[in-house]
Amino acid sequence: MHSETIIQVNGLTKRFGDFTAVNEITFKVDKGEIFGFLGANGAGKTTAIKMLIGLSKPTKGSGKVAGFDIEKQAEHVKKNIGYMSQKFSLYDDLTPKENIRFYGGIYGLSRNEIKTKTKEILEELDLKSVANKTVVSLPLGWKQRLAFAISMVHDPDIVFLDEPTGGVDPKVRREFWETIYQASEKGRTVFVTTHYMDEAEYCDRVSIMVAGKIEALDTPNNLKQQFNATSMDEVFLKLAR
Amino acid sequence: MSAISVHNVSKSYGEILALNNLSFSIEDGELFGLIGPDGAGKSTLFRILTTLLIADKGEAYVAGHHVVDDYKSIRQKVGYMPGRFSLYQDLSVEENLSFFATIFRTTIEENYHLVKDIYVQLEPFKTRPAGKLSGGMKQKLALCCALIHKPEVLFLDEPTTGVDAVSRVEFWDMLKSLKEKGIAILVSTPYMDEASLCDRIALIQDGNILKIDKPQHMIRDFDKPLFAVTTSETYKVLKFLRNAQFTASALPFGSSIHLTTSFPVKPSEIKHYVERTGIPVDDVSPVEATIEDVFLELSNKKTI
């Protein structure tokens, strides 16, 4: 099968003083993949993601994301990716419509494009009835899906999700994963971090970072075989402990 | 005597009903889990029981004392680890612990046996400011600080949220050994897999208790046929199964799809049904429910 590479990273390293947060990681992600980026607290995930999305310069090594050099073309990287984290969210005192317009504006969409996108998102998420209510009044699950949709308002080829489902109920968590599947079916690449090991199983491929290095990278099934484990939870514990 | 007893407690914030007529009790030395998502009312309940908030309705007792009339006695006898990291970030590990010991008029030495197992892991960093510890270490220090005055009842509000899988396992090991020392523990978590580590659990959602029981009993009492369907085309099969006549619910569950059916069906029938469409299915087998299945089932019933 022909596959396009959307992330290519070679020997990416980040040091803070004497401390090496990310230690020569090398990997690639294909277009349309759901890629799980796992690791214990302090393993270097956040630092690595910051480099991938153009917010932090690598000390050493290089990388390309969405066709752009993460060091020399950081601004282009930012324009061509989507990003959603548990903390970053929407403006609570704006309506879903206003939030879409705001982020559409930030990403430089034309008035017409914003109009089309707004309609599309509200219909797809079934939010028409609350389009003019403030976001603060929406249930958490709706907010999350709206935030996810908005992170893709500029149609990026890849979207980064940093612990998108922390703390939500099991039903909402699953609904959210279905929207991830949907996005991936449309050919969008999803790069996701999570502490829920069952969610690791939903990914096409998974990498596990331990102390700054990628110690394992494969499909969940292959990882389970490789580590002689029945679940990703077991794989993770064997590696990270 | 119960370590905690709650009778018909309700609490609203304006129009939002945070707790809806809750009643339950926790025995001495019991490890009791409050399992539910964000916004279920877990923290509100913790604040009421630790005398930081007054309920609108109902009564509650902790370590034998009424939470309103006798709040000062309770504060001497409970340890509370709130959901947000609430130690002094600019004090060192050692200074924090000694501070908490001092305000409860005790010393680290006096109760060192209680925190020893945990504190030895922190000792190499004892001069480091608490704010500079890793997530897992912060949790351990917070637990030490909540324990240093030898509480009878320990309240832990989401101690493992945002903590990685390894630190979570270690944390639960520590709780088990504390329980053996006779301390009653009320712990809340959004992670359903942690439920099985508790003696009893309450599943809570939108301010209501869905069910209270031993986790093993909840699993045993799950009354619908449940199957794990494994396929490489999870999303397609999921959508397809939802339209099947026998399907009660079909949800992604780690490496498989958990399918509950409204009436008994043979695994081979399910496999055949899906494969007719040309989508390959690796396996369909009956499986035992998990607490997450129970929660999903109960919360579904509620919305219908």
# chains A, B, ... in the order shown; residues from 1 in each chain; ligands from 1
$ interface_residues --of "chain B" --to "chain A" --cutoff "6 Å" --atoms "only C-alpha atoms" --output "JSON, numbers by chain"
{"B": [37, 38, 164, 166, 190, 254, 255]}
$ residues_around --residues "B:Gly182" --least-positions-apart "4" --cutoff "10 Å" --atoms "only C-alpha atoms" --output "list in words"
Asp28, Gly29, Glu30, Leu31, Glu152, Val153, Ser177 and Leu178 of chain B
$ select_by_dssp --residues "stretch 42-148 of chain A" --states "strand (DSSP E)" --output "list in words"
Lys60, Gly61, Ser62, Gly63, Lys64, Val65, Phe68, Asp69, Ile81, Gly82, Tyr83, Met84 and Ser85 of chain A
$ select_by_dssp --residues "stretch 148-245 of chain B" --states "alpha helix (DSSP H)" --output "PyMOL selection string"
chain B and resi 165-180+215-220+234-242
$ residues_around --residues "stretch 54-68 of chain A" --least-positions-apart "2" --cutoff "6 Å" --atoms "only C-alpha atoms" --output "list in words"
Ile6, Ile7, Gln8, Val9, Asn10, Gly11, Leu12, Thr13, Lys14, Lys50, Met51, Leu52, Ile70, Glu71, Gln73, Ala74 and Val77 of chain A
$ write_last_selection --atoms "N, CA and C atoms" --output "PDB file, in the first residue's frame"
ATOM      1  N   ILE A   6       3.939  11.646   7.225  1.00  0.00           N
ATOM      2  CA  ILE A   6       3.525  12.985   7.656  1.00  0.00           C
ATOM      3  C   ILE A   6       4.405  13.516   8.787  1.00  0.00           C
ATOM      4  N   ILE A   7       4.969  12.587   9.568  1.00  0.00           N
ATOM      5  CA  ILE A   7       5.964  12.993  10.559  1.00  0.00           C
ATOM      6  C   ILE A   7       7.215  12.164  10.319  1.00  0.00           C
ATOM      7  N   GLN A   8       8.333  12.814  10.246  1.00  0.00           N
ATOM      8  CA  GLN A   8       9.601  12.097  10.126  1.00  0.00           C
ATOM      9  C   GLN A   8      10.579  12.787  11.065  1.00  0.00           C
ATOM     10  N   VAL A   9      11.081  12.045  12.027  1.00  0.00           N
ATOM     11  CA  VAL A   9      11.927  12.630  13.053  1.00  0.00           C
ATOM     12  C   VAL A   9      13.223  11.834  13.138  1.00  0.00           C
ATOM     13  N   ASN A  10      14.365  12.528  13.154  1.00  0.00           N
ATOM     14  CA  ASN A  10      15.650  11.833  13.203  1.00  0.00           C
ATOM     15  C   ASN A  10      16.513  12.336  14.357  1.00  0.00           C
ATOM     16  N   GLY A  11      16.778  11.468  15.303  1.00  0.00           N
ATOM     17  CA  GLY A  11      17.694  11.800  16.406  1.00  0.00           C
ATOM     18  C   GLY A  11      17.293  13.044  17.179  1.00  0.00           C
ATOM     19  N   LEU A  12      16.005  13.281  17.276  1.00  0.00           N
ATOM     20  CA  LEU A  12      15.523  14.492  17.945  1.00  0.00           C
ATOM     21  C   LEU A  12      15.898  14.472  19.431  1.00  0.00           C
ATOM     22  N   THR A  13      16.527  15.560  19.858  1.00  0.00           N
ATOM     23  CA  THR A  13      17.051  15.626  21.220  1.00  0.00           C
ATOM     24  C   THR A  13      16.759  16.992  21.818  1.00  0.00           C
ATOM     25  N   LYS A  14      16.401  17.007  23.110  1.00  0.00           N
ATOM     26  CA  LYS A  14      16.254  18.278  23.801  1.00  0.00           C
ATOM     27  C   LYS A  14      16.894  18.171  25.173  1.00  0.00           C
ATOM     28  N   LYS A  50       6.136  19.374  21.984  1.00  0.00           N
ATOM     29  CA  LYS A  50       6.406  20.797  21.773  1.00  0.00           C
ATOM     30  C   LYS A  50       7.358  21.016  20.606  1.00  0.00           C
ATOM     31  N   MET A  51       8.319  20.112  20.454  1.00  0.00           N
ATOM     32  CA  MET A  51       9.230  20.240  19.316  1.00  0.00           C
ATOM     33  C   MET A  51       8.499  19.935  18.009  1.00  0.00           C
ATOM     34  N   LEU A  52       7.635  18.913  18.054  1.00  0.00           N
ATOM     35  CA  LEU A  52       6.925  18.513  16.841  1.00  0.00           C
ATOM     36  C   LEU A  52       5.984  19.602  16.337  1.00  0.00           C
ATOM     37  N   ILE A  70      10.740  21.282  11.276  1.00  0.00           N
ATOM     38  CA  ILE A  70      10.236  21.779  12.563  1.00  0.00           C
ATOM     39  C   ILE A  70      11.122  22.870  13.163  1.00  0.00           C
ATOM     40  N   GLU A  71      12.355  22.949  12.695  1.00  0.00           N
ATOM     41  CA  GLU A  71      13.222  23.982  13.249  1.00  0.00           C
ATOM     42  C   GLU A  71      13.189  25.254  12.384  1.00  0.00           C
ATOM     43  N   GLN A  73      11.149  25.932   9.756  1.00  0.00           N
ATOM     44  CA  GLN A  73       9.842  26.389   9.256  1.00  0.00           C
ATOM     45  C   GLN A  73       8.756  26.221  10.307  1.00  0.00           C
ATOM     46  N   ALA A  74       9.117  26.526  11.554  1.00  0.00           N
ATOM     47  CA  ALA A  74       8.180  26.303  12.664  1.00  0.00           C
ATOM     48  C   ALA A  74       6.833  26.992  12.432  1.00  0.00           C
ATOM     49  N   VAL A  77       4.757  24.935  10.175  1.00  0.00           N
ATOM     50  CA  VAL A  77       4.266  23.755  10.884  1.00  0.00           C
ATOM     51  C   VAL A  77       3.002  24.133  11.651  1.00  0.00           C
TER      52      VAL A  77
END
$ atom_distance --atom1 "atom CA of B:Ser98" --atom2 "atom CA of B:Ser86"
15.1 Å
$ closest_residue --among "B:Ile16, B:Ala40, B:Leu22, B:Ile257" --to "B:Asp206" --atoms "only C-alpha atoms"
B:Ala40
$ closest_residue --among "A:Ile208, A:Ile100, A:Leu138, A:Ala147" --to "A:Ile114" --atoms "only C-alpha atoms"
A:Ile100
$ closest_residue --among "A:Ile53, A:Phe16, A:Thr179, A:Phe37" --to "A:Glu124" --atoms "only C-alpha atoms"
A:Thr179
$ atom_distance --atom1 "atom CA of A:Thr26" --atom2 "atom CA of A:Glu215"
10.8 Å
